[in-house]
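Student: Below is my_file.csv; it holds CSV, C-alpha atoms.
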chain,number,residue,atom,x,y,z
A,1,MET,CA,-87.1,220.5,180.4
A,2,ALA,CA,-84.2,222.9,180.4
A,3,ALA,CA,-83.0,221.3,183.7
A,4,LEU,CA,-83.0,217.9,182.1
A,5,PHE,CA,-81.0,219.0,179.1
A,6,SER,CA,-78.6,220.6,181.5
A,7,LEU,CA,-78.3,217.3,183.5
A,8,VAL,CA,-77.6,215.5,180.2
A,9,GLY,CA,-74.7,217.9,179.5
A,10,ILE,CA,-73.3,217.7,183.1
A,11,SER,CA,-73.6,213.9,183.1
A,12,PHE,CA,-71.7,213.9,179.7
A,13,ILE,CA,-68.8,215.8,181.2
A,14,ASN,CA,-68.8,213.7,184.3
A,15,GLY,CA,-68.9,210.5,182.2
A,16,LEU,CA,-65.8,211.6,180.3
A,17,THR,CA,-63.8,211.6,183.6
A,18,GLY,CA,-64.3,207.8,183.6
A,19,ALA,CA,-64.4,207.1,179.9
A,20,ALA,CA,-61.1,208.8,179.2
A,21,LEU,CA,-59.1,206.7,181.7
A,22,PRO,CA,-56.6,204.6,179.7
A,23,GLY,CA,-57.5,201.3,181.3
A,24,PRO,CA,-58.0,197.7,180.1
A,25,LEU,CA,-61.2,198.6,178.1
A,26,PHE,CA,-59.2,201.2,176.2
A,27,SER,CA,-56.3,198.8,175.5
A,28,TYR,CA,-58.7,196.1,174.2
A,29,THR,CA,-60.4,198.6,172.0
A,30,VAL,CA,-57.1,199.7,170.4
A,31,VAL,CA,-56.0,196.2,169.8
A,32,LYS,CA,-59.4,195.0,168.5
A,33,THR,CA,-59.6,198.0,166.2
A,34,LEU,CA,-56.2,197.1,164.7
A,35,ASP,CA,-57.3,193.5,164.4
A,36,THR,CA,-60.4,194.6,162.4
A,37,PRO,CA,-59.3,195.8,158.9
A,38,ARG,CA,-62.9,196.1,157.8
A,39,ARG,CA,-65.1,198.7,159.6
A,40,GLY,CA,-62.7,198.8,162.5
A,41,TRP,CA,-64.0,202.2,163.3
A,42,LEU,CA,-67.2,200.5,164.7
A,43,THR,CA,-65.2,198.6,167.3
A,44,GLY,CA,-65.5,201.4,170.0
A,45,PRO,CA,-69.3,201.6,169.8
A,46,ARG,CA,-69.6,197.8,169.8
A,47,VAL,CA,-67.5,197.5,172.9
A,48,ILE,CA,-69.5,200.2,174.6
A,49,ILE,CA,-72.8,198.5,173.9
A,50,GLY,CA,-71.6,195.6,176.0
A,51,HIS,CA,-70.2,198.0,178.6
A,52,ALA,CA,-73.5,199.8,178.7
A,53,VAL,CA,-75.4,196.7,179.7
A,54,VAL,CA,-73.2,196.2,182.7
A,55,GLU,CA,-73.2,199.9,183.5
A,56,ILE,CA,-77.0,200.3,183.4
A,57,THR,CA,-77.3,197.2,185.7
A,58,LEU,CA,-74.9,198.8,188.2
A,59,ILE,CA,-76.8,202.1,188.1
A,60,VAL,CA,-80.0,200.2,188.9
A,61,LEU,CA,-78.3,198.4,191.8
A,62,ILE,CA,-77.1,201.8,193.2
A,63,LEU,CA,-80.6,203.3,192.9
A,64,LEU,CA,-81.9,200.2,194.8
A,65,GLY,CA,-79.5,201.0,197.6
A,66,LEU,CA,-77.0,198.3,197.1
A,67,SER,CA,-74.0,200.7,197.0
A,68,VAL,CA,-73.2,199.8,200.6
A,69,ILE,CA,-72.7,196.1,199.6
A,70,LEU,CA,-70.7,197.0,196.5
A,71,SER,CA,-68.3,199.2,198.6
A,72,HIS,CA,-67.9,196.5,201.3
A,73,PRO,CA,-64.2,195.4,201.8
A,74,VAL,CA,-65.1,191.7,201.1
A,75,ALA,CA,-66.9,192.7,197.8
A,76,LYS,CA,-63.9,194.8,196.8
A,77,ALA,CA,-61.5,191.9,197.7
A,78,VAL,CA,-63.4,189.3,195.7
A,79,GLY,CA,-63.8,191.6,192.7
A,80,GLY,CA,-60.2,192.6,192.9
A,81,PHE,CA,-58.8,189.0,192.9
A,82,LEU,CA,-61.1,188.0,190.0
A,83,GLY,CA,-60.2,191.2,188.1
A,84,ALA,CA,-56.5,190.8,188.6
A,85,PHE,CA,-56.6,187.2,187.4
A,86,PHE,CA,-58.6,188.2,184.3
A,87,LEU,CA,-56.2,191.1,183.4
A,88,PHE,CA,-53.1,188.9,183.9
A,89,PHE,CA,-54.7,186.3,181.7
A,90,LEU,CA,-55.3,188.9,178.9
A,91,ALA,CA,-51.8,190.3,179.2
A,92,PHE,CA,-50.4,186.8,179.0
A,93,LEU,CA,-52.3,186.0,175.8
A,94,ILE,CA,-51.1,189.2,174.2
A,95,MET,CA,-47.4,188.6,175.1
A,96,LYS,CA,-47.7,184.9,174.1
A,97,ASP,CA,-48.6,186.0,170.6
A,98,VAL,CA,-45.8,188.5,170.5
A,99,VAL,CA,-43.0,186.2,171.9
A,100,MET,CA,-44.1,183.3,169.6
A,101,LYS,CA,-44.2,185.7,166.7
A,102,LYS,CA,-47.9,185.0,165.9
A,103,ALA,CA,-48.9,188.6,166.1
A,104,PHE,CA,-49.4,190.0,162.6
A,105,LEU,CA,-51.4,193.1,161.6
A,106,PRO,CA,-54.3,191.7,159.6
A,107,THR,CA,-55.2,193.1,156.3
A,108,THR,CA,-58.4,193.0,154.2
A,109,ASN,CA,-56.6,190.7,151.7
A,110,SER,CA,-55.2,188.3,154.3
A,111,PRO,CA,-57.6,188.1,157.2
A,112,ALA,CA,-56.1,184.6,158.1
A,113,GLU,CA,-53.0,186.4,159.4
A,114,ALA,CA,-55.1,188.1,162.1
A,115,THR,CA,-53.5,187.7,165.5
A,116,ARG,CA,-55.6,186.2,168.2
A,117,THR,CA,-54.4,188.9,170.6
A,118,ALA,CA,-57.9,190.2,171.2
A,119,ARG,CA,-58.9,186.7,172.4
A,120,ILE,CA,-62.4,187.8,173.2
A,121,LYS,CA,-63.5,187.9,169.6
A,122,ASN,CA,-67.0,189.3,170.3
A,123,PRO,CA,-66.5,193.1,171.2
A,124,TYR,CA,-69.9,193.2,172.8
A,125,LEU,CA,-69.0,190.4,175.2
A,126,ALA,CA,-65.6,191.9,175.8
A,127,GLY,CA,-67.1,195.3,176.7
A,128,ALA,CA,-69.3,193.6,179.3
A,129,LEU,CA,-66.6,191.3,180.7
A,130,ILE,CA,-63.8,193.7,180.9
A,131,SER,CA,-66.0,196.4,182.5
A,132,ALA,CA,-67.4,194.0,185.1
A,133,LEU,CA,-63.9,192.7,186.0
A,134,THR,CA,-62.1,196.0,186.2
A,135,PRO,CA,-62.0,197.2,189.8
A,136,LEU,CA,-60.9,200.7,188.8
A,137,TRP,CA,-64.3,201.0,187.1
A,138,TRP,CA,-66.1,199.9,190.2
A,139,LEU,CA,-63.9,202.3,192.3
A,140,TRP,CA,-65.0,205.2,190.0
A,141,TRP,CA,-68.6,204.3,190.5
A,142,VAL,CA,-68.6,203.9,194.3
A,143,SER,CA,-66.7,207.2,194.7
A,144,ILE,CA,-67.2,209.8,191.9
A,145,GLY,CA,-70.3,208.1,190.3
A,146,ILE,CA,-72.4,207.8,193.5
A,147,MET,CA,-71.3,211.3,194.7
A,148,PHE,CA,-72.4,212.8,191.5
A,149,MET,CA,-75.8,211.0,191.6
A,150,ASN,CA,-76.4,212.2,195.1
A,151,GLY,CA,-75.4,215.7,194.3
A,152,GLN,CA,-77.8,215.8,191.4
A,153,PHE,CA,-80.6,214.2,193.4
A,154,ILE,CA,-80.9,211.3,191.0
A,155,SER,CA,-83.2,208.6,192.5
A,156,LEU,CA,-86.1,206.3,191.6
A,157,THR,CA,-88.5,208.9,192.8
A,158,ASN,CA,-87.3,211.2,189.9
A,159,LEU,CA,-87.2,208.9,186.8
A,160,PRO,CA,-86.7,211.8,184.3
A,161,SER,CA,-83.4,212.7,186.1
A,162,VAL,CA,-82.4,209.0,186.0
A,163,GLY,CA,-83.0,209.0,182.2
A,164,ALA,CA,-81.1,212.2,181.6
A,165,PHE,CA,-78.2,211.0,183.7
A,166,VAL,CA,-78.0,207.6,181.9
A,167,ILE,CA,-78.2,209.3,178.4
A,168,GLY,CA,-75.5,211.8,179.2
A,169,HIS,CA,-73.2,209.3,180.8
A,170,LEU,CA,-73.5,206.7,178.0
A,171,LEU,CA,-73.1,209.4,175.3
A,172,ALA,CA,-69.7,210.2,176.9
A,173,ASP,CA,-68.7,206.6,176.7
A,174,PHE,CA,-69.9,206.2,173.1
A,175,ALA,CA,-68.4,209.5,171.9
A,176,TRP,CA,-64.9,208.8,173.5
A,177,TYR,CA,-64.6,205.2,172.3
A,178,PHE,CA,-66.0,206.0,168.8
A,179,LEU,CA,-63.3,208.7,168.6
A,180,VAL,CA,-60.6,206.2,169.7
A,181,SER,CA,-61.5,203.5,167.2
A,182,LEU,CA,-62.0,206.0,164.4
A,183,VAL,CA,-58.5,207.5,164.9
A,184,ILE,CA,-56.8,204.1,165.3
A,185,HIS,CA,-58.7,202.7,162.2
A,186,ASN,CA,-57.6,205.6,160.1
A,187,ILE,CA,-53.9,205.5,161.1
A,188,ARG,CA,-53.6,201.7,160.8
A,189,ARG,CA,-52.4,202.0,157.2
A,190,PHE,CA,-49.3,203.7,158.5
A,191,ILE,CA,-48.6,200.9,161.0
A,192,ASN,CA,-46.4,197.9,160.1
A,193,HIS,CA,-45.9,194.6,161.9
A,194,VAL,CA,-43.1,195.9,164.1
A,195,VAL,CA,-45.0,198.9,165.3
A,196,TYR,CA,-48.1,196.7,165.8
A,197,ARG,CA,-46.1,194.4,168.1
A,198,VAL,CA,-44.8,197.4,170.0
A,199,ILE,CA,-48.4,198.5,170.5
A,200,LEU,CA,-49.3,195.0,171.7
A,201,ILE,CA,-46.5,195.0,174.2
A,202,ILE,CA,-47.7,198.4,175.5
A,203,ALA,CA,-51.2,197.1,175.8
A,204,ALA,CA,-50.1,194.0,177.6
A,205,GLY,CA,-48.0,196.2,179.9
A,206,LEU,CA,-51.1,198.4,180.7
A,207,MET,CA,-53.2,195.3,181.5
A,208,GLY,CA,-50.5,193.7,183.6
A,209,GLY,CA,-50.0,197.0,185.4
A,210,TYR,CA,-53.6,197.4,186.2
A,211,GLY,CA,-53.6,193.7,187.2
A,212,ILE,CA,-50.9,194.4,189.8
A,213,PHE,CA,-52.7,197.5,191.0
A,214,THR,CA,-55.9,195.5,191.3
A,215,LEU,CA,-54.2,192.7,193.2
A,216,VAL,CA,-52.6,195.0,195.7
A,217,THR,CA,-55.9,196.8,196.2
A,218,ALA,CA,-57.7,193.5,196.8
A,219,ILE,CA,-55.0,192.4,199.4
A,220,LEU,CA,-55.2,195.7,201.2
A,221,ALA,CA,-59.0,195.4,201.4
A,222,VAL,CA,-58.8,192.3,203.5
A,223,VAL,CA,-55.6,193.1,205.6
Let me see whether you can do it: turn the structure in this file into structure tokens.
Tutor:
Amino acid sequence: MAALFSLVGISFINGLTGAALPGPLFSYTVVKTLDTPRRGWLTGPRVIIGHAVVEITLIVLILLGLSVILSHPVAKAVGGFLGAFFLFFLAFLIMKDVVMKKAFLPTTNSPAEATRTARIKNPYLAGALISALTPLWWLWWVSIGIMFMNGQFISLTNLPSVGAFVIGHLLADFAWYFLVSLVIHNIRRFINHVVYRVILIIAAGLMGGYGIFTLVTAILAVV
């Protein structure tokens, strides 16, 4: 039992190395939290529920031995092109709202002003889609994630270790994104429309930057 609790702790720390990466999921969570004046602090956990569905599916695939397929250059290329298009599209939508001056920080008294920047309105769906279409997340799993699982002897022949690993890893995701949304929700009262638009530009820049990185990675995978 002590070994399982230890594995939960180690998996938590290992999970933070992926959760704390400031990628598209992070950018979406920040924007969506700002766009949710009521109970915005719940945005992070809601996003991670969707993320967890995709992540648990991936873990099962890895345990079934499909990591070889997932790390194949063709799979990386296809995922990269799809991911790049998706990230460019999200960045375009954000910048479109900013340039056309449709981006306004919503308030509890005027929800109609809410920007449509976070175009995927459902945070659960966003968590799943952004995770599945972010190659950096896949890259983390086929490198650090699989290496960690092998090092801890996590396999279908040892289901308790699988459970401990999943619990620890997902706790890291929930803890980090809950902290992010909680902090953003509590400082939003000090953010005006100008600062909000600057944050949107930064978020769009991050998504666009990851899109370029993803596209280059996809091209190199097939060259």
Student: What gap, in Å, lies between atom CA of A:Val223 and atom CA of A:Ala84?
Tutor: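 A separation of 17.2 Å between them.
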Student: Please, which residues are within 12 Å of (-66.7, 193.5, 175.9) by the file's coordinates, counting only C-alpha atoms, and could they come as a PyMOL selection string?
Tutor: chain A and resi 24-29+32+43-55+118-134
Student: Can you work out the spacing between atom CA of A:Phe165 and atom CA of A:Ile13 in Å, to one decimal?
Tutor: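 Distance between the two atoms: 10.8 Å.
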Student: Identify, on the basis of all atoms listed in the file, every residue whose closest approach to A:Phe88 does not exceed 10 Å; exclude the query and any residue fewer than 5 positions from it along the same chain; express the result as a list in words.
Tutor: Gly83, Leu93, Ile94, Ala204, Gly205, Met207, Gly208, Gly209, Tyr210, Gly211 and Ile212 of chain A
Student: Keeping only C-alpha atoms, write the selected residues as a short mmCIF file (atom, residue, chain, number, x, y, z; two decimals), in the frame of the given file.
Tutor:
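Result written to result-v4.cif:
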data_model
loop_
_atom_site.label_atom_id
_atom_site.label_comp_id
_atom_site.auth_asym_id
_atom_site.auth_seq_id
_atom_site.Cartn_x
_atom_site.Cartn_y
_atom_site.Cartn_z
CA GLY A 83 -60.20 191.20 188.10
CA LEU A 93 -52.30 186.00 175.80
CA ILE A 94 -51.10 189.20 174.20
CA ALA A 204 -50.10 194.00 177.60
CA GLY A 205 -48.00 196.20 179.90
CA MET A 207 -53.20 195.30 181.50
CA GLY A 208 -50.50 193.70 183.60
CA GLY A 209 -50.00 197.00 185.40
CA TYR A 210 -53.60 197.40 186.20
CA GLY A 211 -53.60 193.70 187.20
CA ILE A 212 -50.90 194.40 189.80
#
Student: Point out the residue among A:Leu34, A:Ala91, A:Ile167, A:Ile191 with the least atom-to-atom distance to A:Ser11, counting all atoms listed in the file.
Tutor: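 Checking each of A:Leu34, A:Ala91, A:Ile167, A:Ile191 against A:Ser11, counting all atoms listed in the file, the winner is A:Ile167.
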Student: Near A:Leu63, within 9 Å and counting all atoms listed in the file, which residues show up once chain neighbours fewer than 5 positions away are dropped, as a ChimeraX atom specification?
Tutor: /A:58,154-156
Student: How would the residues just picked look written out with C-alpha atoms as a short mmCIF file (atom, residue, chain, number, x, y, z; two decimals), in the coordinates of the input?
Tutor:
data_model
loop_
_atom_site.label_atom_id
_atom_site.label_comp_id
_atom_site.auth_asym_id
_atom_site.auth_seq_id
_atom_site.Cartn_x
_atom_site.Cartn_y
_atom_site.Cartn_z
CA LEU A 58 -74.90 198.80 188.20
CA ILE A 154 -80.90 211.30 191.00
CA SER A 155 -83.20 208.60 192.50
CA LEU A 156 -86.10 206.30 191.60
#
Student: So what do you get for atom CA of A:Val216 versus atom CA of A:Phe81, distance-wise?
Tutor: 9.1 Å
Student: Hey, what's within 12 Å of A:Asn186 if we count all atoms listed in the file and toss same-chain stuff fewer than 4 positions away? As a PyMOL selection string, please?
Tutor: chain A and resi 30+33-34+36-42+179-182+190-191
Student: Which one is closest to A:Met149: A:Ile201, A:Ile62, A:Phe92, A:Gly18? Count only C-alpha atoms.
Tutor: A:Ile62
Student: Between A:Arg197, A:Ala218, A:Ala20, A:Leu206, which one has atoms that come closest to A:Asp35, using all atoms listed in the file?
Tutor: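 Answer, going by the shortest atom-to-atom distance: A:Arg197.
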Student: Taking all atoms listed in the file into account, name the residue in A:Gly145, A:Pro135, A:Gly168, A:Gly65 that is nearest to A:Phe85.
Tutor: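 Ranked by minimum distance to A:Phe85, first place goes to A:Pro135.
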Student: Smallest atom-to-atom distance to A:Gly80: which of A:Leu220, A:Leu215, A:Ile59, A:Val183, using all atoms listed in the file?
Tutor: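 Answer, going by the shortest atom-to-atom distance: A:Leu215.
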Student: Find the residues with any atom within 8 Å of (-80.5, 216.4, 181.0); use only C-alpha atoms and the coordinates as given in the file, and write the answer as a VMD selection string.
Tutor: chain A and resid 1 to 11 161 163 to 165 167 to 168
Student: Can you work out which one of A:Ile56, A:Leu16, A:Ile202, A:Leu136 has the shortest atom-to-atom distance to A:Asp173, counting only C-alpha atoms?
Tutor: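 Of the candidates, the smallest distance to A:Asp173 is held by A:Leu16.
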